[in-house]
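Source file: work-v4.txt; contents: compact mmCIF, C-alpha atoms and all ligand atoms.
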# COMPACT_ATOMS: atom_id res chain seq x y z
CA MET A 1 -53.62 -42.79 -361.51
CA ILE A 2 -52.62 -40.52 -364.37
CA TYR A 3 -52.85 -36.78 -363.78
CA GLU A 4 -54.04 -34.40 -366.49
CA LEU A 5 -53.87 -30.64 -366.89
CA PRO A 6 -57.30 -29.36 -365.80
CA LYS A 7 -59.16 -26.89 -367.98
CA LEU A 8 -59.24 -23.40 -366.48
CA PRO A 9 -62.72 -21.89 -365.92
CA TYR A 10 -61.71 -18.80 -367.97
CA ALA A 11 -59.99 -18.06 -371.31
CA ASN A 12 -56.23 -17.39 -371.43
CA GLU A 13 -56.86 -13.69 -372.19
CA ALA A 14 -59.52 -13.26 -369.48
CA LEU A 15 -57.14 -12.10 -366.73
CA ALA A 16 -55.51 -9.36 -368.85
CA PRO A 17 -54.07 -6.85 -368.31
CA ILE A 18 -53.19 -8.09 -364.81
CA ILE A 19 -51.95 -11.42 -366.19
CA SER A 20 -51.57 -11.58 -369.97
CA ALA A 21 -52.78 -14.38 -372.25
CA GLU A 22 -49.12 -15.09 -373.03
CA THR A 23 -48.30 -15.63 -369.35
CA VAL A 24 -51.30 -17.94 -368.84
CA HIS A 25 -50.27 -19.84 -371.99
CA TYR A 26 -46.70 -20.41 -370.78
CA HIS A 27 -47.27 -20.54 -367.03
CA PHE A 28 -50.26 -22.88 -366.97
CA GLY A 29 -50.12 -24.41 -370.46
CA LYS A 30 -46.38 -25.18 -370.48
CA HIS A 31 -44.84 -24.99 -366.96
CA GLU A 32 -47.79 -26.66 -365.21
CA GLN A 33 -48.07 -29.26 -367.98
CA ALA A 34 -44.38 -30.12 -367.46
CA TYR A 35 -44.83 -30.57 -363.67
CA ILE A 36 -47.80 -32.88 -364.34
CA ASP A 37 -45.88 -34.88 -366.98
CA ASN A 38 -42.92 -35.28 -364.60
CA LEU A 39 -45.27 -36.29 -361.76
CA ASN A 40 -46.81 -39.02 -363.95
CA LYS A 41 -43.37 -40.34 -364.92
CA LEU A 42 -42.09 -40.34 -361.32
CA ILE A 43 -45.06 -42.20 -359.80
CA HIS A 44 -45.32 -44.80 -362.57
CA ALA A 45 -45.03 -48.34 -361.13
CA THR A 46 -44.23 -47.06 -357.61
CA GLU A 47 -46.07 -47.06 -354.27
CA PHE A 48 -47.14 -43.48 -355.04
CA GLU A 49 -49.29 -44.46 -358.02
CA ASP A 50 -52.37 -45.14 -355.90
CA MET A 51 -51.99 -42.22 -353.47
CA SER A 52 -53.87 -38.95 -353.67
CA LEU A 53 -51.81 -35.96 -354.78
CA GLU A 54 -52.05 -34.55 -351.23
CA GLU A 55 -50.67 -37.82 -349.78
CA ILE A 56 -47.78 -37.72 -352.26
CA ILE A 57 -46.98 -34.14 -351.18
CA ARG A 58 -47.07 -35.12 -347.50
CA THR A 59 -44.91 -38.23 -347.84
CA SER A 60 -42.44 -37.74 -350.70
CA GLY A 61 -39.20 -35.81 -351.12
CA GLY A 62 -36.78 -34.76 -353.82
CA ALA A 63 -37.92 -34.57 -357.45
CA LEU A 64 -41.26 -36.27 -356.76
CA PHE A 65 -42.16 -33.79 -354.00
CA ASN A 66 -41.07 -30.86 -356.18
CA ASN A 67 -43.18 -31.88 -359.17
CA ALA A 68 -46.21 -33.08 -357.16
CA SER A 69 -46.28 -29.92 -355.08
CA GLN A 70 -45.77 -27.62 -358.06
CA ALA A 71 -48.59 -29.45 -359.89
CA TRP A 72 -50.92 -28.91 -356.90
CA ASN A 73 -49.83 -25.33 -356.15
CA HIS A 74 -50.45 -24.06 -359.69
CA ILE A 75 -53.97 -25.48 -359.79
CA PHE A 76 -54.65 -23.86 -356.41
CA TYR A 77 -53.26 -20.52 -357.64
CA PHE A 78 -54.96 -20.36 -361.04
CA PHE A 79 -58.34 -21.60 -359.80
CA GLY A 80 -58.26 -18.91 -357.08
CA LEU A 81 -58.23 -16.20 -359.77
CA SER A 82 -61.14 -14.96 -361.88
CA PRO A 83 -61.85 -12.19 -364.40
CA ASP A 84 -64.86 -11.41 -362.16
CA GLY A 85 -62.70 -11.32 -359.02
CA GLY A 86 -61.33 -8.45 -356.98
CA GLY A 87 -63.00 -6.27 -354.40
CA GLU A 88 -62.88 -7.50 -350.84
CA PRO A 89 -63.72 -10.72 -349.03
CA ALA A 90 -67.12 -10.96 -347.35
CA GLY A 91 -68.78 -13.05 -344.69
CA ALA A 92 -66.91 -15.31 -342.30
CA LEU A 93 -63.59 -14.97 -344.13
CA ARG A 94 -63.73 -11.18 -343.86
CA LEU A 95 -64.37 -11.38 -340.12
CA ALA A 96 -61.53 -13.88 -339.65
CA ILE A 97 -59.07 -11.70 -341.60
CA GLU A 98 -60.09 -8.57 -339.66
CA ASP A 99 -59.77 -10.48 -336.42
CA GLU A 100 -56.21 -11.59 -337.23
CA PHE A 101 -54.83 -8.65 -339.25
CA ASP A 102 -57.03 -5.69 -338.07
CA SER A 103 -58.20 -4.78 -341.59
CA ILE A 104 -58.35 -6.11 -345.14
CA ASP A 105 -55.84 -3.45 -346.23
CA LYS A 106 -53.34 -4.43 -343.53
CA PHE A 107 -53.73 -8.08 -344.50
CA LYS A 108 -53.10 -7.31 -348.18
CA LYS A 109 -50.05 -5.21 -347.31
CA GLU A 110 -48.55 -7.93 -345.10
CA PHE A 111 -49.26 -10.58 -347.76
CA GLU A 112 -47.58 -8.52 -350.49
CA GLU A 113 -44.56 -7.80 -348.25
CA SER A 114 -44.17 -11.48 -347.50
CA GLY A 115 -44.03 -12.18 -351.26
CA VAL A 116 -41.61 -9.32 -351.96
CA LYS A 117 -39.25 -10.44 -349.16
CA LEU A 118 -39.06 -14.08 -350.27
CA PHE A 119 -35.61 -14.51 -351.82
CA GLY A 120 -35.65 -16.40 -355.12
CA SER A 121 -38.54 -18.62 -356.21
CA GLY A 122 -41.44 -19.67 -354.04
CA TRP A 123 -44.98 -19.12 -352.85
CA VAL A 124 -46.80 -16.93 -350.33
CA TRP A 125 -49.82 -18.45 -348.59
CA LEU A 126 -52.81 -17.64 -346.45
CA VAL A 127 -53.28 -20.69 -344.25
CA LYS A 128 -55.57 -21.90 -341.49
CA ASP A 129 -54.51 -24.10 -338.59
CA LYS A 130 -56.62 -26.79 -336.93
CA GLU A 131 -58.17 -24.19 -334.59
CA GLY A 132 -59.17 -22.03 -337.56
CA LYS A 133 -56.55 -19.35 -336.90
CA LEU A 134 -55.29 -17.61 -340.05
CA SER A 135 -51.68 -16.74 -340.82
CA ILE A 136 -49.43 -15.72 -343.70
CA LEU A 137 -46.61 -18.03 -344.60
CA SER A 138 -44.06 -18.02 -347.41
CA GLY A 139 -41.73 -20.76 -348.57
CA SER A 140 -39.12 -21.41 -351.23
CA ASN A 141 -39.35 -23.46 -354.41
CA ALA A 142 -42.27 -25.93 -354.29
CA PHE A 143 -43.23 -25.22 -350.65
CA ASN A 144 -46.72 -26.38 -349.68
CA PRO A 145 -48.33 -25.81 -346.22
CA LEU A 146 -49.80 -29.35 -346.26
CA THR A 147 -46.30 -30.48 -345.21
CA LYS A 148 -46.75 -28.47 -341.98
CA ASP A 149 -50.25 -29.79 -341.28
CA LEU A 150 -51.77 -26.42 -342.23
CA ILE A 151 -54.79 -25.86 -344.47
CA PRO A 152 -54.05 -23.76 -347.58
CA ILE A 153 -56.62 -21.00 -348.27
CA MET A 154 -54.95 -18.80 -350.90
CA THR A 155 -51.60 -18.54 -352.66
CA PHE A 156 -49.68 -16.13 -354.89
CA ASP A 157 -46.92 -17.59 -357.06
CA VAL A 158 -43.71 -15.56 -356.76
CA TRP A 159 -41.56 -17.55 -359.19
CA GLU A 160 -40.28 -15.20 -361.90
CA HIS A 161 -42.14 -17.21 -364.55
CA ALA A 162 -45.40 -15.98 -362.95
CA TYR A 163 -44.73 -12.32 -363.75
CA TYR A 164 -41.64 -11.76 -365.87
CA LEU A 165 -43.41 -11.42 -369.25
CA ASP A 166 -45.84 -8.83 -367.86
CA TYR A 167 -43.90 -7.07 -365.08
CA GLN A 168 -40.23 -7.99 -365.77
CA ASN A 169 -38.39 -7.45 -362.43
CA ARG A 170 -41.31 -5.64 -360.73
CA ARG A 171 -42.52 -8.41 -358.42
CA ALA A 172 -44.11 -5.92 -356.00
CA ASP A 173 -46.32 -4.47 -358.79
CA TYR A 174 -47.43 -7.95 -359.84
CA LEU A 175 -48.36 -8.90 -356.27
CA HIS A 176 -50.21 -5.62 -355.73
CA ARG A 177 -52.28 -5.98 -358.89
CA LEU A 178 -53.24 -9.61 -358.27
CA TRP A 179 -55.89 -8.50 -355.74
CA ASP A 180 -58.01 -7.27 -358.67
CA ILE A 181 -58.50 -10.85 -359.91
CA VAL A 182 -58.69 -12.79 -356.61
CA ASP A 183 -61.89 -14.86 -356.55
CA TRP A 184 -62.92 -14.13 -352.96
CA ASP A 185 -66.07 -16.32 -353.15
CA LEU A 186 -63.90 -19.31 -353.94
CA ILE A 187 -61.29 -18.36 -351.32
CA GLU A 188 -64.05 -18.09 -348.71
CA SER A 189 -65.40 -21.53 -349.68
CA ARG A 190 -61.93 -22.96 -348.99
CA TYR A 191 -61.85 -21.18 -345.62
CA LEU A 192 -65.29 -22.57 -344.66
CA LYS A 193 -64.43 -26.18 -345.58
MN MN B 201 -45.46 -20.93 -361.27
Structure rendered as C-alpha cells:
Amino acid sequence: MIYELPKLPYANEALAPIISAETVHYHFGKHEQAYIDNLNKLIHATEFEDMSLEEIIRTSGGALFNNASQAWNHIFYFFGLSPDGGGEPAGALRLAIEDEFDSIDKFKKEFEESGVKLFGSGWVWLVKDKEGKLSILSGSNAFNPLTKDLIPIMTFDVWEHAYYLDYQNRRADYLHRLWDIVDWDLIESRYLK
C-alpha cells in the first residue's frame, strides 16, 4: 500500500492566529509529507507493505517506526483541530474527564504541564485503557500509545517545528492556546469508539 498526505478539512489559514498558515504549510505540508514519503520508501518490497499503519507502529522499530508513527501522529493531531473548535467537551467525555481529573480546567492544566515538562521533542496524549480509564501520557520523539496497548484520544505535538514560527521558544503559550481550536466533538467520538 502507498500512503498519501490526506487533505485537511480546513484551509491552511483557518487556524490562525493560534496556528498560522505558514506553520500549517510547513508542519503538515512539508514535515508530514516527508514522514509519509520515508514510510513509503521503507516499506517498499518488505513484509510491512501489506500491514495497516497501526500494525507497522506496533511491530516495527528504528527508522520505520519513527516515520510510521510520525505519519500517524500528525494526522491524529491535525484532524483533532478545527477553526470551529474550542470551548469544553460535552457528554460522556466530559463526565469521564471530570471523574478522572476533577474538572476540565484541572485536566487542561495537567495536560499543558505534561507538555511543558517533556524535555526535547515529543508528544503529549490523552489515552484510554481497556477499562475505559483516562490518563495523560507524554513521550519523546515519535512516541505513540498504541505501543503500550493504550487507545489514543487526543494529542498535542510538542516538537519545536509545531510552534517555533508562531511562538518561538514559548511552548507553554502554544499549548495553552491550542484549547481554542480543539475539536471536542471529534475527540469525544474517538473516546466513544
Ligand atoms: Mn510535528
Considering all atoms listed in the file, give me a table of residues in chain A that are at most 8 Å from ligand MN 201 (chain B), with the closest atom pair and distance in Å for each, as JSON lines.
{"residue": "A:His27", "atom": "CA", "partner": "B:MN201", "partner_atom": "MN", "distance": 6.1}
{"residue": "A:Phe28", "atom": "CA", "partner": "B:MN201", "partner_atom": "MN", "distance": 7.7}
{"residue": "A:His31", "atom": "CA", "partner": "B:MN201", "partner_atom": "MN", "distance": 7.0}
{"residue": "A:Glu32", "atom": "CA", "partner": "B:MN201", "partner_atom": "MN", "distance": 7.3}
{"residue": "A:Gln70", "atom": "CA", "partner": "B:MN201", "partner_atom": "MN", "distance": 7.4}
{"residue": "A:His74", "atom": "CA", "partner": "B:MN201", "partner_atom": "MN", "distance": 6.1}
{"residue": "A:Asp157", "atom": "CA", "partner": "B:MN201", "partner_atom": "MN", "distance": 5.6}
{"residue": "A:Val158", "atom": "CA", "partner": "B:MN201", "partner_atom": "MN", "distance": 7.2}
{"residue": "A:Trp159", "atom": "CA", "partner": "B:MN201", "partner_atom": "MN", "distance": 5.6}
{"residue": "A:Glu160", "atom": "CA", "partner": "B:MN201", "partner_atom": "MN", "distance": 7.7}
{"residue": "A:His161", "atom": "CA", "partner": "B:MN201", "partner_atom": "MN", "distance": 6.0}
{"residue": "A:Ala162", "atom": "CA", "partner": "B:MN201", "partner_atom": "MN", "distance": 5.2}
- prompt: Do you know which residues are at most 8 Å from range 7-16 of chain A counting only C-alpha atoms, after dropping those on the same chain fewer than 2 positions away, and could you put them as a list in words?
  reply: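 So the residues in contact are Leu5, Ile18, Ile19, Ser20, Ala21, Glu22, Val24, His25, Phe78, Phe79, Ser82, Pro83 and Ile181 of chain A.
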Please, could you write that set of residues out with C-alpha atoms as a PDB file, in the frame of the given file?
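Resulting contents of selection32.pdb:
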ATOM      1  CA  LEU A   5     -53.870 -30.640-366.890  1.00  0.00           C
ATOM      2  CA  ILE A  18     -53.190  -8.090-364.810  1.00  0.00           C
ATOM      3  CA  ILE A  19     -51.950 -11.420-366.190  1.00  0.00           C
ATOM      4  CA  SER A  20     -51.570 -11.580-369.970  1.00  0.00           C
ATOM      5  CA  ALA A  21     -52.780 -14.380-372.250  1.00  0.00           C
ATOM      6  CA  GLU A  22     -49.120 -15.090-373.030  1.00  0.00           C
ATOM      7  CA  VAL A  24     -51.300 -17.940-368.840  1.00  0.00           C
ATOM      8  CA  HIS A  25     -50.270 -19.840-371.990  1.00  0.00           C
ATOM      9  CA  PHE A  78     -54.960 -20.360-361.040  1.00  0.00           C
ATOM     10  CA  PHE A  79     -58.340 -21.600-359.800  1.00  0.00           C
ATOM     11  CA  SER A  82     -61.140 -14.960-361.880  1.00  0.00           C
ATOM     12  CA  PRO A  83     -61.850 -12.190-364.400  1.00  0.00           C
ATOM     13  CA  ILE A 181     -58.500 -10.850-359.910  1.00  0.00           C
TER      14      ILE A 181
END
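Here CA of Ile97 in chain A stands at a distance of 15.0 Å from CA of Thr155 in chain A.
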query: Around (-52.6, -22.8, -343.2) in the file's frame, which residues reach within 7 Å when counting only C-alpha atoms? Return as an MDAnalysis selection string?
result: chainID A and resid 126:129 134:135 145 150:153
Long-range neighbours of Ala90 in chain A as a tab-separated table (two decimals) with C-alpha atoms, in the frame of the given file, 9 Å cut-off, all atoms listed in the file, 2 positions minimum in chain:
chain	number	residue	atom	x	y	z
A	88	GLU	CA	-62.88	-7.50	-350.84
A	92	ALA	CA	-66.91	-15.31	-342.30
A	93	LEU	CA	-63.59	-14.97	-344.13
A	94	ARG	CA	-63.73	-11.18	-343.86
A	95	LEU	CA	-64.37	-11.38	-340.12
A	184	TRP	CA	-62.92	-14.13	-352.96
A	185	ASP	CA	-66.07	-16.32	-353.15
A	188	GLU	CA	-64.05	-18.09	-348.71
message: Rounded to one decimal, what separation in Å do you get between CA of Asp173 in chain A and CA of Lys148 in chain A?
response: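 Separation of CA of Asp173 in chain A and CA of Lys148 in chain A: 29.3 Å.
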task: Figure out the distance between CA of Pro6 in chain A and CA of Val182 in chain A, please, to one decimal in Å.
output: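 According to the coordinates, CA of Val182 in chain A and CA of Pro6 in chain A are separated by 19.0 Å.
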message: Here is a test: counting only C-alpha atoms, which residue of A:Gly87, A:Ile57, A:His176, A:Glu131 is nearest to Glu113 in chain A?
response: A:His176
Nearest candidate to Glu110 in chain A (options A:Ala172, A:Tyr3, A:Ala68, A:Asn144; using all atoms listed in the file):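 Counting all atoms listed in the file, the residue closest to Glu110 in chain A is A:Ala172.
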message: For a quick check of understanding, using all atoms listed in the file, which of A:Lys117, A:Lys193, A:Lys133, A:Lys108 has the smallest distance to Ala96 in chain A?
response: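 Ranked by minimum distance to Ala96 in chain A, first place goes to A:Lys133.
Minimum atom-to-atom distances from A:Phe156, A:Ile2, A:Gly29, A:Ala142 to Asn66 in chain A were compared using only C-alpha atoms, and the lowest value belongs to A:Ala142.
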- line: For Asn141 in chain A, the closest of A:Asn38, A:Ser189, A:Asn73, A:Ser60 counting all atoms listed in the file is A:Asn73
message: For a quick check of understanding, using all atoms listed in the file, which of A:Ser69, A:Thr147, A:Gly91, A:Ile187 has the smallest distance to Gly122 in chain A?
response: A:Ser69
Give me range 70-81 of chain A with all heavy atoms filled in, as a compact mmCIF listing (two decimals), in the coordinates of the input.
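Saved as part.txt:
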# COMPACT_ATOMS: atom_id res chain seq x y z
N GLN A 70 -45.59 -28.65 -357.03
CA GLN A 70 -45.77 -27.62 -358.06
C GLN A 70 -47.05 -27.87 -358.85
O GLN A 70 -47.78 -26.92 -359.17
CB GLN A 70 -44.56 -27.57 -359.00
CG GLN A 70 -43.32 -26.92 -358.39
CD GLN A 70 -43.49 -25.43 -358.15
OE1 GLN A 70 -44.03 -25.01 -357.13
NE2 GLN A 70 -43.05 -24.62 -359.09
N ALA A 71 -47.35 -29.12 -359.17
CA ALA A 71 -48.59 -29.45 -359.89
C ALA A 71 -49.80 -28.97 -359.08
O ALA A 71 -50.71 -28.32 -359.60
CB ALA A 71 -48.66 -30.94 -360.16
N TRP A 72 -49.80 -29.27 -357.79
CA TRP A 72 -50.92 -28.91 -356.90
C TRP A 72 -50.99 -27.39 -356.72
O TRP A 72 -52.07 -26.79 -356.81
CB TRP A 72 -50.70 -29.60 -355.55
CG TRP A 72 -51.85 -29.62 -354.61
CD1 TRP A 72 -52.71 -30.67 -354.41
CD2 TRP A 72 -52.28 -28.56 -353.71
NE1 TRP A 72 -53.64 -30.33 -353.45
CE2 TRP A 72 -53.41 -29.05 -353.01
CE3 TRP A 72 -51.82 -27.27 -353.44
CZ2 TRP A 72 -54.08 -28.30 -352.04
CZ3 TRP A 72 -52.49 -26.50 -352.49
CH2 TRP A 72 -53.60 -27.02 -351.81
N ASN A 73 -49.85 -26.76 -356.46
CA ASN A 73 -49.83 -25.33 -356.15
C ASN A 73 -50.37 -24.49 -357.31
O ASN A 73 -51.09 -23.51 -357.10
CB ASN A 73 -48.39 -24.87 -355.85
CG ASN A 73 -47.86 -25.41 -354.54
OD1 ASN A 73 -48.55 -26.15 -353.84
ND2 ASN A 73 -46.63 -25.08 -354.21
N HIS A 74 -50.00 -24.86 -358.54
CA HIS A 74 -50.45 -24.06 -359.69
C HIS A 74 -51.95 -24.17 -359.90
O HIS A 74 -52.60 -23.19 -360.29
CB HIS A 74 -49.69 -24.46 -360.95
CG HIS A 74 -48.31 -23.90 -360.99
ND1 HIS A 74 -47.21 -24.60 -360.56
CD2 HIS A 74 -47.86 -22.67 -361.36
CE1 HIS A 74 -46.14 -23.83 -360.69
NE2 HIS A 74 -46.50 -22.64 -361.17
N ILE A 75 -52.51 -25.34 -359.67
CA ILE A 75 -53.97 -25.48 -359.79
C ILE A 75 -54.65 -24.63 -358.73
O ILE A 75 -55.61 -23.90 -358.99
CB ILE A 75 -54.36 -26.97 -359.69
CG1 ILE A 75 -53.85 -27.71 -360.93
CG2 ILE A 75 -55.88 -27.14 -359.54
CD1 ILE A 75 -53.88 -29.23 -360.82
N PHE A 76 -54.09 -24.64 -357.51
CA PHE A 76 -54.65 -23.86 -356.41
C PHE A 76 -54.58 -22.36 -356.70
O PHE A 76 -55.51 -21.61 -356.42
CB PHE A 76 -53.88 -24.20 -355.13
CG PHE A 76 -54.60 -23.91 -353.86
CD1 PHE A 76 -55.66 -24.70 -353.43
CD2 PHE A 76 -54.20 -22.85 -353.05
CE1 PHE A 76 -56.31 -24.44 -352.24
CE2 PHE A 76 -54.84 -22.58 -351.85
CZ PHE A 76 -55.91 -23.38 -351.45
N TYR A 77 -53.47 -21.94 -357.28
CA TYR A 77 -53.26 -20.52 -357.64
C TYR A 77 -54.20 -20.09 -358.75
O TYR A 77 -54.97 -19.13 -358.61
CB TYR A 77 -51.79 -20.36 -358.04
CG TYR A 77 -51.40 -19.09 -358.75
CD1 TYR A 77 -51.30 -17.87 -358.07
CD2 TYR A 77 -51.05 -19.10 -360.11
CE1 TYR A 77 -50.89 -16.70 -358.73
CE2 TYR A 77 -50.63 -17.96 -360.77
CZ TYR A 77 -50.56 -16.76 -360.08
OH TYR A 77 -50.14 -15.62 -360.73
N PHE A 78 -54.18 -20.81 -359.88
CA PHE A 78 -54.96 -20.36 -361.04
C PHE A 78 -56.47 -20.47 -360.79
O PHE A 78 -57.24 -19.64 -361.29
CB PHE A 78 -54.56 -21.14 -362.30
CG PHE A 78 -53.35 -20.56 -362.98
CD1 PHE A 78 -52.11 -21.17 -362.87
CD2 PHE A 78 -53.44 -19.39 -363.72
CE1 PHE A 78 -50.99 -20.62 -363.48
CE2 PHE A 78 -52.34 -18.82 -364.34
CZ PHE A 78 -51.10 -19.45 -364.22
N PHE A 79 -56.90 -21.47 -360.06
CA PHE A 79 -58.34 -21.60 -359.80
C PHE A 79 -58.81 -20.61 -358.72
O PHE A 79 -60.02 -20.44 -358.53
CB PHE A 79 -58.72 -23.04 -359.43
CG PHE A 79 -58.87 -23.92 -360.65
CD1 PHE A 79 -57.74 -24.39 -361.32
CD2 PHE A 79 -60.11 -24.25 -361.15
CE1 PHE A 79 -57.86 -25.18 -362.47
CE2 PHE A 79 -60.25 -25.03 -362.30
CZ PHE A 79 -59.11 -25.51 -362.95
N GLY A 80 -57.89 -19.95 -358.05
CA GLY A 80 -58.26 -18.91 -357.08
C GLY A 80 -58.37 -17.53 -357.72
O GLY A 80 -58.63 -16.54 -357.03
N LEU A 81 -58.15 -17.46 -359.04
CA LEU A 81 -58.23 -16.20 -359.77
C LEU A 81 -59.45 -16.22 -360.69
O LEU A 81 -59.90 -17.29 -361.10
CB LEU A 81 -56.96 -15.99 -360.61
CG LEU A 81 -55.63 -16.00 -359.83
CD1 LEU A 81 -54.46 -15.93 -360.80
CD2 LEU A 81 -55.57 -14.87 -358.82
